[in-house]
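To keep things clear, I will list the structure first and then write my remarks on it.
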Amino acid sequence: MLDRELKKGSAELLILSLVEDRPRHGYDIGQLIELRSRGVLRFNVASLYPLLYRLEKRGWIRGRWVEKAGQRRRRYYRLTPTGKRVLAAQRDGWQEFVGAINRITGIAHA
Amino acid sequence: MPDFKEEIRKRVAAIQLSPPREAEIVEELSQHLDDQYEQSLNRGATEEEAYGAAVASLAESDLLARELKRVERRVQQEPLTLGNEKTNLLGDLLQDLRFGIRMLLKNPGFTIVAIIALALGIGANTAIFSVVNTVLLRPLPYKNPERLVMVWEENSKQGFPRDTPAAANYIDWRDQNHVFEGMAAMTEISFNLTGTGEPERIDGQRVSGNLFQLLGVEPQLGRAFLPEEDRAGANHVVILSHGLWQRRFGSDSTIIGRPINLDSQSFTVVGVMPKGFQFPSRTDQLWVPIAFTANEAGQRGNHYLEVIARVKPGISLEQAQAEMTTIATRLQQQYPQTNTSIGAVITPLHEHVVGNIKPALLVLLGAVAFVLLIACANVANLLLARAAVRQKEIALRLALGASRSRMTRQFLTESVLLAALGGGVGLVLSIVGLDLLKRFIPPNISQVQAIGIDTKVLLFTILVSIATGLLFGLAPAAQMASSNLNDTLKEGGRDSAGGHHGNRIRGFLIISEVAVSFLLLIGAGLLINSFVRLRHVDPGFRAESLLTMKIALPETRYPDKQRRSLFFDELLRRVGGLPGVASAAVATNLPLTSTGNSVGVAIEGRADPAPDRVPIVITRVVSPDYFKTMSIPLLEGRVFTEGDKADSPSAVVISETTARLFWPGENALGKHLKVGRSTSPNPWMTVVGVVKDVRQYELIIEPKPQMYLPYQQAEFFEPRALVVRTNFDPLSLAATARQTVWEIDKDQPVSDISSMEEIVSDSVARQRFSMLLLGVFAGLALVLAAVGIYGVMSYSVAQQTREIGIRMALGAQRSDVLKMTVGQGLRLVLTGVAIGLAAAFVLTRVMATLLFGVSPTDPLTFIGISIVLIGVAVLASYIPALRATRIDPMFALRYQ
């Protein structure tokens, strides 16, 4: 598991990316992060939801209760237009950052 | 499955989130833990392991709280109330008020529009109510004013249902009744005040010595009249009005006991009345004892008194009336010559004072109430639209257990708060408005100056505001109460926009607005129509470029006709010679000044009719140039000339109505008339000319028989009015003309200087007052209704964006959309007009007394107003409709 600070810094980017193509609920987001990082990244409830609420409050994502036949209602989060712009900017920034780290540490092309 | 909610609640309790927010978070997080728990089980964990893992992901006990606090702290949550067994009315009210204020601040546009609409409505009500309060409701400023009555001769047979009593009748009434504590008589008198400063004509009253005691008003200085001063010969005492005392005597308190010079006779000042005392008329500046002479006291044919009486305690008005009828019947038998058709009728003093303006004020009060109703409808519409937006919030609160009654209370608190703000601004508006209003109130209405905002008016405004708030708050509250919680929550993100129920309420409001403004517009239309007709009535003379003034010669200095004629001849010679003067004349009274004399006449060759059938003719004594100066057209014969002297044959000029009534189908020229019975010693007068009718009393009164006598010949009635036709602005001649009078007699007062046009205009002041005000209020109603229609149509178009989009995508033309949208508005408006029309047919009847020459159901007004209102309404729904057609179908389809 990665260091908590690093995780926090990148967590916003992760969440925004995950709700980009379609709305997801909190558990789904938590699962996907764990799954796609092959278990490296894992959020617990106490840190995931406050983060979601913060993003929602900034207007980057929007949560909405959705009811489906025969199911409990769930809160789905989707990317807002503002969130879309933020995501694009963060992606660029992240790539630059990773590129810079790689160049310095000589991981990619030594 | 274990319930994680309690675990979560425990952890977030410390940060004290608002209950609904907390509930939401607990729900969302517990679902997460449920999922996690289930997954753990699926992977083969035991229940304990799965439970432990789930709780572990909540991490240390305070992490969640800490993190949440950072996020949630800055979110301003609206306070929500969960259903609570214990009610705390005051606490709830404060909470509702705080919440209400925040809601209003959050929507400044809505708040401002609503407050303006309410302020106009409440302001108009406050202004009119303060007039009604002062003029109609406030008790007259006398002791036990409800027991004061006016007593009149009832002579309906000759067209005088309330005639001024004759002195002998008054004295009999006074001495024979057992129902009144006292009775007093009054009659107008004017004096020339000389000796200090400019000579001035002062209007006053001859009054019975007990008048002041009867009214229960004490002089501010000195004393009232003594009984012995109300006797001929002992009556050279005077009581001054506060105004006259200030103006002419510098508020000198040593004036009591000093003599002043009235008509060159010495009168001792015995009292000064308090400020504001004006009885019986606003213009009275002094009072002298009436002190009937023996001759006066015996007259039954000369009706000129006003009589006031105070009913004894315990005696009802009906009893008093019955007693007066008995006395009058007895007098009829006793004096058949004079009293055959004369009864007695009492009217409460209050009715006498306010009777003239009462119908107009009541109509106006009704009108402003309607304006307020329209304002209410507008605000209710705004609130409905906003309530639709807030439906989610409301549904959630209800779902969380807030009771509907609690929510209704909160809604009503908000609307009453809004109304209170509107009322506050309205109060300010009404203070400004009252100043304007006072200028249009006819000056002969009592207590105009006293009109203002007092505690009663304030109370009225507060009550009206609260009632208003409850009224327009009811619609959204009712809608909220009937909304279906599940539907609202299920409808997801789409604003159901009030649904069908809301549309019905909005439609109803629009229909009422249209109906009410239609009523007001009809009322105003009828009054404007009347006023225009009134101003187009031919008064029988030409009012332009005429200067008028009053010059009353005192009998003491001009005791006989010769001396008076000398003065007037000289005056007319000098004024006629002034530059810019076309002609000048004198007359006893000018038209439309509500003054003048009438006499009974005998027609030569006909038997005298019964006393109550004697023809009454309005009589004016004039100088030869009067007809030329006033531009009264001569129809037949001649007008007076210098040749109609005191010793030449008596001549009379009559009006066309007189000629038609007295000698139908005959030529009136050369016929003979006499003042009084045919046996009276008055000379027979020859009709030398017939002139056009003049409206002598009021424009609305059909001309009655009139005759003119030459001032050199007439034995009674001396001229008091000078009238001058000028070639320029008549008032610029005023100073010169007055100076000319003083050159002839330096002690001769000149008063009532005005142009004839002012006199005509003043004579319709009452009608102008009603017309202007109702016009303003109807205009206000129209604007408010237009705003209301526009608002509702915009809203309804916004609601139908999707539908419009689909229609246009399917090939509907813009004109179709336009037709559809305007059609919707038009349907509401037409319904409103139809209802308004029906109501107007009934309600305009109450205005009948205010109308002139127009029927209360004048078709032209009804049709015209319908067209105006429908036109405005179409325009108000056309603009949003036009916007609807500009919608991009793609946008509309995506629109939620």
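Residues are named by chain letter and number: chains run A, B, ... in the order of the structure tokens, numbers start at 1 in each chain, and ligands are numbered from 1 in the order shown.
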
With 7 Å as the cut-off and only C-alpha atoms counted, what is the closest atom pair between each nearby residue of chain B and chain A? Distances in Å to one decimal, ordered by chain and number, as CSV.
```
residue,atom,partner,partner_atom,distance
B:Glu28,CA,A:Arg75,CA,6.9
B:His32,CA,A:Tyr27,CA,5.2
B:Ser57,CA,A:Asn44,CA,4.7
B:Leu58,CA,A:Ala46,CA,4.9
B:Ala59,CA,A:Ala46,CA,6.2
B:Leu63,CA,A:Ala46,CA,6.3
B:Leu64,CA,A:Ala46,CA,4.4
B:Glu67,CA,A:Pro50,CA,5.7
B:Leu68,CA,A:Pro50,CA,5.1
B:Val71,CA,A:Arg54,CA,5.5
```

Selection from above, N, CA and C atoms, as a compact mmCIF listing (two decimals), in the first residue's frame, can you write it?
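Full text of result.txt as output:
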```
# COMPACT_ATOMS: atom_id res chain seq x y z
N GLU B 28 -25.97 6.23 3.09
CA GLU B 28 -25.01 5.93 2.03
C GLU B 28 -23.88 5.05 2.56
N HIS B 32 -22.67 0.98 1.89
CA HIS B 32 -21.30 0.58 1.52
C HIS B 32 -20.84 -0.58 2.39
N SER B 57 -13.17 -0.72 8.33
CA SER B 57 -12.98 0.27 7.26
C SER B 57 -13.53 1.63 7.68
N LEU B 58 -14.23 1.71 8.80
CA LEU B 58 -14.61 3.03 9.32
C LEU B 58 -13.41 3.65 10.01
N ALA B 59 -12.35 2.83 10.12
CA ALA B 59 -11.08 3.30 10.69
C ALA B 59 -11.23 3.75 12.13
N LEU B 63 -11.70 9.36 12.82
CA LEU B 63 -11.24 9.78 11.49
C LEU B 63 -12.42 10.26 10.63
N LEU B 64 -13.47 9.43 10.63
CA LEU B 64 -14.62 9.78 9.80
C LEU B 64 -15.18 11.14 10.20
N GLU B 67 -12.78 13.94 9.14
CA GLU B 67 -12.80 14.20 7.70
C GLU B 67 -14.12 14.85 7.29
N LEU B 68 -15.20 14.30 7.81
CA LEU B 68 -16.51 14.85 7.43
C LEU B 68 -16.65 16.30 7.86
N VAL B 71 -15.28 18.74 5.57
CA VAL B 71 -16.07 18.95 4.34
C VAL B 71 -17.39 19.65 4.65
```

**Request:** Give me the residues within 9 Å of segment 713-730 of chain B as a PyMOL selection string, counting only C-alpha atoms and dropping any in the same chain fewer than 3 places off.
**Result:** chain B and resi 544-553+561+564+568+572+575-576+579-590+597+620-623+626+628-630+644-651+709-710+733-734+754-756

Tell me, counting only C-alpha atoms, for each residue of segment 738-799 of chain B within 9 Å of segment 811-826 of chain B, which pair of atoms is nearest and how far apart they are in Å to one decimal, in rows ordered by chain and increasing number, as CSV.
```
residue,atom,partner,partner_atom,distance
B:Ile789,CA,B:Gly825,CA,7.6
B:Val792,CA,B:Gly825,CA,8.8
B:Met793,CA,B:Gly825,CA,6.7
B:Ser796,CA,B:Thr821,CA,8.8
B:Val797,CA,B:Thr821,CA,7.3
```

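A straight line drawn from atom CA of Ile8 of chain B to atom CA of Ile33 of chain A is 22.7 Å long.
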
**Prompt:** Pick from A:Arg78, A:Arg42, A:Arg58, A:Arg36: nearest to Ala11 of chain A, with only C-alpha atoms counted?
**Reply:**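 For Ala11 of chain A, the nearest of the candidates is A:Arg42.
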
In segment 216-458 of chain B, DSSP strand (DSSP E or B) residues written as a short mmCIF file (atom, residue, chain, number, x, y, z; two decimals) with N, CA and C atoms, in the first residue's frame:
```cif
data_model
loop_
_atom_site.label_atom_id
_atom_site.label_comp_id
_atom_site.auth_asym_id
_atom_site.auth_seq_id
_atom_site.Cartn_x
_atom_site.Cartn_y
_atom_site.Cartn_z
N LEU B 221 -60.68 81.54 23.79
CA LEU B 221 -60.53 82.77 24.56
C LEU B 221 -61.92 83.36 24.75
N GLY B 222 -62.11 84.05 25.88
CA GLY B 222 -63.39 84.72 26.07
C GLY B 222 -64.50 83.72 26.32
N VAL B 237 -72.14 91.76 18.98
CA VAL B 237 -70.99 91.04 19.54
C VAL B 237 -70.56 90.02 18.50
N VAL B 238 -69.28 89.61 18.54
CA VAL B 238 -68.77 88.71 17.52
C VAL B 238 -67.77 87.74 18.15
N ILE B 239 -67.79 86.53 17.64
CA ILE B 239 -66.78 85.53 18.02
C ILE B 239 -65.94 85.26 16.77
N LEU B 240 -64.62 85.28 16.95
CA LEU B 240 -63.72 85.14 15.80
C LEU B 240 -63.24 83.69 15.67
N PRO B 259 -63.66 96.57 20.35
CA PRO B 259 -64.56 96.64 19.19
C PRO B 259 -63.81 96.42 17.88
N ILE B 260 -64.45 95.81 16.89
CA ILE B 260 -63.90 95.78 15.53
C ILE B 260 -64.98 96.31 14.60
N ASN B 261 -64.54 96.68 13.39
CA ASN B 261 -65.41 97.37 12.45
C ASN B 261 -65.92 96.42 11.37
N LEU B 262 -67.21 96.07 11.45
CA LEU B 262 -67.80 95.19 10.44
C LEU B 262 -68.91 95.96 9.73
N GLN B 265 -69.86 99.12 11.18
CA GLN B 265 -70.52 99.14 12.48
C GLN B 265 -69.59 98.51 13.49
N SER B 266 -69.75 98.90 14.73
CA SER B 266 -68.85 98.42 15.76
C SER B 266 -69.41 97.15 16.40
N PHE B 267 -68.60 96.08 16.43
CA PHE B 267 -68.95 94.82 17.07
C PHE B 267 -67.92 94.54 18.15
N THR B 268 -68.37 94.08 19.32
CA THR B 268 -67.43 93.76 20.39
C THR B 268 -67.02 92.29 20.30
N VAL B 269 -65.72 92.06 20.31
CA VAL B 269 -65.24 90.68 20.27
C VAL B 269 -65.44 90.06 21.66
N VAL B 270 -66.21 88.96 21.72
CA VAL B 270 -66.41 88.32 23.03
C VAL B 270 -65.68 86.98 23.12
N GLY B 271 -65.27 86.43 21.98
CA GLY B 271 -64.61 85.12 22.06
C GLY B 271 -63.79 84.82 20.82
N VAL B 272 -62.88 83.86 20.97
CA VAL B 272 -62.11 83.33 19.85
C VAL B 272 -62.23 81.81 19.92
N LEU B 286 -66.19 84.10 11.25
CA LEU B 286 -66.72 84.74 12.45
C LEU B 286 -68.19 84.37 12.62
N TRP B 287 -68.64 84.58 13.86
CA TRP B 287 -70.03 84.24 14.19
C TRP B 287 -70.64 85.43 14.95
N VAL B 288 -71.87 85.76 14.57
CA VAL B 288 -72.60 86.80 15.32
C VAL B 288 -73.95 86.21 15.70
N PRO B 289 -74.60 86.72 16.74
CA PRO B 289 -75.91 86.19 17.12
C PRO B 289 -76.92 86.41 16.00
N HIS B 303 -87.11 80.60 2.89
CA HIS B 303 -86.43 79.41 3.44
C HIS B 303 -84.93 79.56 3.30
N GLU B 306 -80.19 77.03 8.27
CA GLU B 306 -79.76 75.66 8.53
C GLU B 306 -80.02 75.42 10.00
N VAL B 307 -80.60 74.27 10.31
CA VAL B 307 -80.99 74.02 11.70
C VAL B 307 -80.32 72.75 12.20
N ILE B 308 -79.72 72.89 13.37
CA ILE B 308 -79.07 71.74 14.00
C ILE B 308 -79.73 71.54 15.36
N ALA B 309 -79.80 70.26 15.81
CA ALA B 309 -80.42 69.99 17.10
C ALA B 309 -79.70 68.83 17.77
N ARG B 310 -79.81 68.79 19.08
CA ARG B 310 -79.21 67.68 19.83
C ARG B 310 -80.33 66.85 20.44
N VAL B 311 -80.34 65.56 20.07
CA VAL B 311 -81.38 64.65 20.56
C VAL B 311 -81.12 64.37 22.04
N GLY B 343 -93.05 69.35 5.31
CA GLY B 343 -92.88 68.46 6.45
C GLY B 343 -91.60 68.79 7.17
N ALA B 344 -91.13 67.86 7.99
CA ALA B 344 -89.85 68.06 8.66
C ALA B 344 -89.11 66.75 8.64
N VAL B 345 -87.81 66.81 8.39
CA VAL B 345 -87.03 65.58 8.32
C VAL B 345 -85.69 65.81 9.02
N ILE B 346 -85.26 64.81 9.79
CA ILE B 346 -83.97 64.95 10.45
C ILE B 346 -82.96 64.01 9.79
N THR B 347 -81.71 64.46 9.73
CA THR B 347 -80.63 63.61 9.23
C THR B 347 -79.48 63.73 10.21
N PRO B 348 -78.80 62.61 10.50
CA PRO B 348 -77.65 62.73 11.41
C PRO B 348 -76.65 63.74 10.86
#
```

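Here atom CA of Gln205 of chain B is placed at a distance of 9.9 Å from atom CA of Phe191 of chain B.
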
**Request:** Write out as a ChimeraX atom specification each polymer residue whose atoms come within 6 Å of Ile466 of chain B, counting only C-alpha atoms; drop sequence neighbours fewer than 3 positions from it.
**Result:** /B:416,463,469

**Request:** Kindly give the distance, in Å, that separates atom CA of Val363 of chain B and atom CA of Val132 of chain B, rounded to a single decimal.
**Result:** 11.0 Å

**Message:** Need the shell around Ile744 of chain B: protein/DNA/RNA residues with any atom at most 9 Å away, counting only C-alpha atoms. Skip same-chain ones fewer than 3 positions apart. Format as an MDAnalysis selection string?
**Reply:** chainID B and resid 567 570:571 739:741 748

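The smallest atom-to-atom distance between Arg62 of chain A and any of A:Ala88, A:Ile29, A:Glu20, A:Tyr76, using only C-alpha atoms, is found for A:Tyr76.
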
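Residues within 12 Å of Lys84 of chain A, counting only C-alpha atoms and excluding same-chain residues fewer than 4 positions away, are Leu13, Ile15, Leu16, Ser17, Leu18, Val19, Glu20, Asp21, Gly59, Trp60, Ile61, Arg62, Arg78, Leu79, Thr80, Ala88, Ala89, Gln90 and Arg91 of chain A.
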
Write the selection just made, keeping N, CA and C atoms, as an mmCIF file, in the first residue's frame?
```cif
data_model
loop_
_atom_site.group_PDB
_atom_site.id
_atom_site.type_symbol
_atom_site.label_atom_id
_atom_site.label_comp_id
_atom_site.auth_asym_id
_atom_site.auth_seq_id
_atom_site.Cartn_x
_atom_site.Cartn_y
_atom_site.Cartn_z
ATOM 1 N N LEU A 13 -7.901 12.648 -8.515
ATOM 2 C CA LEU A 13 -7.757 12.282 -9.924
ATOM 3 C C LEU A 13 -8.379 10.916 -10.187
ATOM 4 N N ILE A 15 -10.804 9.370 -8.528
ATOM 5 C CA ILE A 15 -12.270 9.390 -8.473
ATOM 6 C C ILE A 15 -12.861 10.054 -9.706
ATOM 7 N N LEU A 16 -12.285 11.192 -10.066
ATOM 8 C CA LEU A 16 -12.809 11.894 -11.245
ATOM 9 C C LEU A 16 -12.736 10.990 -12.470
ATOM 10 N N SER A 17 -11.624 10.274 -12.617
ATOM 11 C CA SER A 17 -11.462 9.402 -13.784
ATOM 12 C C SER A 17 -12.512 8.299 -13.791
ATOM 13 N N LEU A 18 -12.809 7.793 -12.581
ATOM 14 C CA LEU A 18 -13.722 6.653 -12.511
ATOM 15 C C LEU A 18 -15.169 7.040 -12.836
ATOM 16 N N VAL A 19 -15.544 8.268 -12.531
ATOM 17 C CA VAL A 19 -16.940 8.641 -12.844
ATOM 18 C C VAL A 19 -17.033 9.357 -14.179
ATOM 19 N N GLU A 20 -15.934 9.361 -14.932
ATOM 20 C CA GLU A 20 -15.944 10.107 -16.196
ATOM 21 C C GLU A 20 -16.897 9.473 -17.208
ATOM 22 N N ASP A 21 -16.789 8.165 -17.377
ATOM 23 C CA ASP A 21 -17.600 7.571 -18.439
ATOM 24 C C ASP A 21 -19.028 7.296 -18.011
ATOM 25 N N GLY A 59 -18.232 21.122 -6.720
ATOM 26 C CA GLY A 59 -18.986 21.145 -7.970
ATOM 27 C C GLY A 59 -18.338 20.348 -9.073
ATOM 28 N N TRP A 60 -17.394 19.459 -8.704
ATOM 29 C CA TRP A 60 -16.736 18.663 -9.753
ATOM 30 C C TRP A 60 -17.520 17.407 -10.072
ATOM 31 N N ILE A 61 -18.160 16.852 -9.037
ATOM 32 C CA ILE A 61 -19.041 15.721 -9.281
ATOM 33 C C ILE A 61 -20.392 16.059 -8.661
ATOM 34 N N ARG A 62 -21.407 15.313 -9.101
ATOM 35 C CA ARG A 62 -22.706 15.546 -8.492
ATOM 36 C C ARG A 62 -23.334 14.213 -8.124
ATOM 37 N N ARG A 78 -21.758 11.560 -10.639
ATOM 38 C CA ARG A 78 -21.383 11.740 -12.037
ATOM 39 C C ARG A 78 -20.482 12.969 -12.158
ATOM 40 N N LEU A 79 -19.754 13.040 -13.255
ATOM 41 C CA LEU A 79 -18.834 14.153 -13.464
ATOM 42 C C LEU A 79 -19.619 15.366 -13.981
ATOM 43 N N THR A 80 -19.380 16.513 -13.401
ATOM 44 C CA THR A 80 -20.022 17.719 -13.918
ATOM 45 C C THR A 80 -19.129 18.329 -14.991
ATOM 46 N N ALA A 88 -9.285 16.973 -16.942
ATOM 47 C CA ALA A 88 -8.352 17.123 -18.062
ATOM 48 C C ALA A 88 -7.055 17.782 -17.577
ATOM 49 N N ALA A 89 -7.223 18.850 -16.773
ATOM 50 C CA ALA A 89 -6.041 19.567 -16.291
ATOM 51 C C ALA A 89 -5.203 18.678 -15.373
ATOM 52 N N GLN A 90 -5.889 17.942 -14.499
ATOM 53 C CA GLN A 90 -5.147 17.107 -13.555
ATOM 54 C C GLN A 90 -4.410 15.969 -14.268
ATOM 55 N N ARG A 91 -5.070 15.449 -15.310
ATOM 56 C CA ARG A 91 -4.415 14.375 -16.073
ATOM 57 C C ARG A 91 -3.104 14.872 -16.654
#
```

**Asked** Counting only C-alpha atoms, which of A:Gly63, A:Gly83, A:Lys68, A:Leu41 gets nearest to Ser10 of chain A?
**Response**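 Smallest distance to Ser10 of chain A is found for A:Leu41.
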
**Request:** Find the spatial neighbours of segment 521-535 of chain B, counting only C-alpha atoms, within a cut-off of 8 Å - ignore same-chain residues fewer than 3 positions away - and output them as a list in words.
**Result:** Ser517, Phe518, Leu699, Ile700, Gln767, Arg768, Ser770, Met771, Leu774, Gly775, Ala778, Gly779, Leu782, Ala840, Thr844, Met847, Leu850, Leu851, Phe852, Gly853, Val854, Pro856, Asp858, Thr861, Phe862 and Ile865 of chain B

Written file, previous selection with C-alpha atoms, as an mmCIF file, in the first residue's frame:
```cif
data_model
loop_
_atom_site.group_PDB
_atom_site.id
_atom_site.type_symbol
_atom_site.label_atom_id
_atom_site.label_comp_id
_atom_site.auth_asym_id
_atom_site.auth_seq_id
_atom_site.Cartn_x
_atom_site.Cartn_y
_atom_site.Cartn_z
ATOM 1 C CA SER B 517 -58.847 44.324 -13.199
ATOM 2 C CA PHE B 518 -61.622 44.211 -15.758
ATOM 3 C CA LEU B 699 -72.940 71.169 -14.729
ATOM 4 C CA ILE B 700 -74.771 67.922 -14.021
ATOM 5 C CA GLN B 767 -66.030 64.111 -10.082
ATOM 6 C CA ARG B 768 -62.393 64.755 -10.947
ATOM 7 C CA SER B 770 -63.226 60.036 -8.168
ATOM 8 C CA MET B 771 -62.151 59.793 -11.784
ATOM 9 C CA LEU B 774 -60.141 55.234 -9.828
ATOM 10 C CA GLY B 775 -58.187 55.786 -13.043
ATOM 11 C CA ALA B 778 -57.350 50.754 -12.509
ATOM 12 C CA GLY B 779 -54.068 51.509 -14.284
ATOM 13 C CA LEU B 782 -53.857 46.607 -15.337
ATOM 14 C CA ALA B 840 -69.391 44.429 -13.792
ATOM 15 C CA THR B 844 -71.245 49.094 -11.602
ATOM 16 C CA MET B 847 -71.528 53.680 -9.054
ATOM 17 C CA LEU B 850 -71.156 58.973 -9.573
ATOM 18 C CA LEU B 851 -71.958 58.751 -13.257
ATOM 19 C CA PHE B 852 -73.163 61.444 -15.596
ATOM 20 C CA GLY B 853 -74.672 60.865 -18.994
ATOM 21 C CA VAL B 854 -73.369 57.304 -19.069
ATOM 22 C CA PRO B 856 -73.619 51.871 -15.675
ATOM 23 C CA ASP B 858 -72.464 51.606 -21.207
ATOM 24 C CA THR B 861 -67.050 51.316 -22.295
ATOM 25 C CA PHE B 862 -67.574 47.601 -21.839
ATOM 26 C CA ILE B 865 -62.224 47.931 -21.963
#
```
